[in-house]
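**Q** Here it is, the structure, as structure tokens.
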Amino acid sequence: MRIRSNAIVMTIYLLFLLVPIYWLVNMSLKTNTEITSSFTLWPQNLTFRNYMVILTDPSWYMGYVNSLIYVVLNTVISITVALPAAYAFSRYSFMGDKHLFFWLLTNRMAPPAVFALPFFQLYSAMNLIDTHIAVALAHCLFNVPLAVWILEGFMRGVPKEIDETAYIDGYSFPTFFVKIFMPLIASGIGVAAFFCFMFSWVELLLSRTLTTTFAKPIAATMTRTVSASGMDWGVLAAAGVLTIVPGALVIYFVRNYIAKGFALGRV
Amino acid sequence: MEKTQNNKAWLLVLPVLVLVAFSAVLPLMTVVNYAFNDTFGNNQFFWTGIEWFDDMIHSERLRAALGRQVMFSLIILAIEVPLGIFIALNMPKKGFWASLCLVLMALPLLIPFNVVGTIWQIFGRVDIGLLGRALQGMGIDYNYTNDPLDAWITVIVMDVWHWTSLVALLAYAGLQSIPQAYYQAARIDQATRWSVFRYIELPKMKGVLLIAILLRFMDSFMIYTEPFVVTGGGPGNSTTFLSIDLAKMATGQFDLGPAAAFSIMYFLVILLISWVFYTVMTNLDREEAR
């Protein structure tokens, strides 16, 4: 009896989660006339026209390309600088370490709205507006602290004796770090990269502020189309579905670590 | 773990320091600069002292937005935390179903914020949305674009949909760390379901729940994109939360001085809450280490 009630609760909750997503997928497979004129629970005339529009029109699919470029750039930068820092935090105590760690956290918690305008002016002054690197750097604001915290959480789990043994065996710090230490925390690096990727992918406010045409992310392309060209509901829904895909593809691999990632490496 | 005292570790932290200083300290200094100056263009600035702060503190608009913001965050916490714990208690413990639940539950967390908004904007519409249509069919007068209460309910349900899984996943991770022996001991003592929850599960979840509560508080406190897409802050100003108001002021009207003063106060609140978060968390870490 007990298992039954668990299953019912979970089914209701999962339905609550999935029905809105289903509705989006459903709409993306309908024609616009079907969406506005009749009310159907599943597509009567199945069409892939909406997806074709996105995949053949450069102003649409370049949005995805732009997003992917800055997201990957950001992930690489964040992980590269966060690795040594997380190692330092997990292994050494040094002057001001606690304050520094706290200061990093405040950046994860800072509202992007506070930074939107100054970012715009800073990057304008450096002629970086509308470039991928500008968005990638801006997203470092919250992704670098996140990566440091997650990686530090994983690195604490590695006993310090391993480091000491390696140094006795004559490894220099860089070779030890790349050859021995990084493979040990490979899952941690994967999780940190996943979270950097995700948070950069889902962010809209900063990426929209810093771009105009050449580096415009898919999220901004979507909002502008909604306001400008009337309502092409089918294409909007299809674009939405396509933004869910990257997350849905990799989520299976990180399912057991997802709580640890959201908890900033503290579970 | 005993840490070695070594100030050379600063060298390892240096890249992060430079990068984050570039993307956080420099912009913040710009904000501070604006907050104390007025400008009529041409890059001419006039010192205004604390005038903007004074304006903002006494601004009805800001107070109203703050009131809505606090109310929103509290409602969100009141719904999501108990619901998240409840869901976590009902999740399958292991095997295929556990993996499936984890994957499906994490799905809303990975959707871009504006797409979350779009999903609910469509879902709630009375003409083409399933939810709006169904509610109309049941004879409920529901229209989130006209009625402030409906707009609030939509935004709150959307946030519950979006983030409850985060609380649930964290609580679940906490539950997983409880050894089976604890439950066996409870069974021998003939403990009720409630006392198992109260004296075994809740204390073990304390750490992750604190993180969940604070993350949810912070993130709902700076929510921007989702309500912006769904309601645009309306109808009227009824769903204009702090970040939406700030973005309107800064990039819509270019009221740089007031917006900057607003930003600084906003940031100080965030700083204060982060500090509480950090203190509690490091204390918990220390307790665990003991």
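How things are named: the first chain in the structure tokens is A, the next is B, and so on; residues count from 1 in each chain; ligands count from 1 in the order shown.
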Give me, as a PyMOL selection string, the contact residues of chain B against chain A at a cut-off of 6 Å, counting only C-alpha atoms.

**A** chain B and resi 3-7+9+12-13+15-16+20+23+27+90+110-113+115+169-170+222+243+247+263

**Q** So that I can check the secondary structure, give me every residue of segment 30-118 of chain A assigned alpha helix (DSSP H) by backbone DSSP, as a PyMOL selection string.

**A** chain A and resi 32-37+49-56+58-91+97-109+112-118

**Q** Hey, can you check how far atom CA of Asp130 of chain A sits from atom CA of Thr212 of chain A?

**A**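 Going from atom CA of Asp130 of chain A over to atom CA of Thr212 of chain A, I get 5.6 Å.
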
**Q** Excluding Asp147 of chain B and its own-chain neighbours fewer than 2 positions away, which residues fall within 12 Å of it when counting only C-alpha atoms? Please give them as a list in words.

**A**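 Those residues are Asp141, Tyr142, Asn143, Tyr144, Thr145, Leu149, Asp150, Ala151, Trp152, Ile153, Thr154, Thr231, Gly234, Pro235, Gly236, Asn237, Ser238 and Thr239 of chain B.
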
**Q** If you keep C-alpha atoms, can you produce a file of those selected residues as a compact mmCIF listing (two decimals), in the first residue's frame?

**A**
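Now in out.txt:
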# COMPACT_ATOMS: atom_id res chain seq x y z
CA ASP B 141 -12.56 33.46 -14.92
CA TYR B 142 -8.83 33.27 -15.41
CA ASN B 143 -6.78 35.74 -17.40
CA TYR B 144 -3.22 36.49 -16.33
CA THR B 145 -2.82 39.49 -18.62
CA LEU B 149 -4.16 38.03 -8.82
CA ASP B 150 -4.15 35.63 -11.77
CA ALA B 151 -0.81 37.06 -12.87
CA TRP B 152 0.62 36.44 -9.39
CA ILE B 153 -0.72 32.91 -9.27
CA THR B 154 0.71 32.18 -12.72
CA THR B 231 3.69 39.30 -17.60
CA GLY B 234 2.15 43.81 -15.33
CA PRO B 235 -0.78 44.11 -15.29
CA GLY B 236 0.03 47.62 -14.08
CA ASN B 237 3.01 47.14 -11.80
CA SER B 238 1.59 44.16 -9.97
CA THR B 239 4.41 41.74 -10.84

**Q** With a distance cut-off of 8 Å and only C-alpha atoms, select the neighbouring residues of segment 201-205 of chain B, excluding the residue or stretch itself and same-chain residues fewer than 6 positions from it, and output the selection as number ranges by chain.

**A** B: 171, 174-175, 177-178

**Q** Atom CA of Pro82 of chain B and atom CA of Leu102 of chain B, how far apart in Å?

**A**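 That distance, rounded to one decimal, is 18.4 Å.
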
**Q** Contacts of Trp47 of chain B at 9 Å or less, counting only C-alpha atoms, minus same-chain residues fewer than 3 places along, as a list in words?

**A**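 The filter keeps Phe36, Asn37 and Asp38 of chain B.
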
**Q** One decimal, Å: what's the distance from atom CA of Val235 of chain A over to atom CA of Val53 of chain A, could you say?

**A**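 Value for the atom CA of Val235 of chain A-atom CA of Val53 of chain A distance: 7.2 Å.
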
**Q** Nearest to Met182 of chain A: which of A:Ile69, A:Leu242, A:Ile79, A:Cys196 is it, counting only C-alpha atoms?

**A**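 Result for the nearest residue to Met182 of chain A: A:Ile79.
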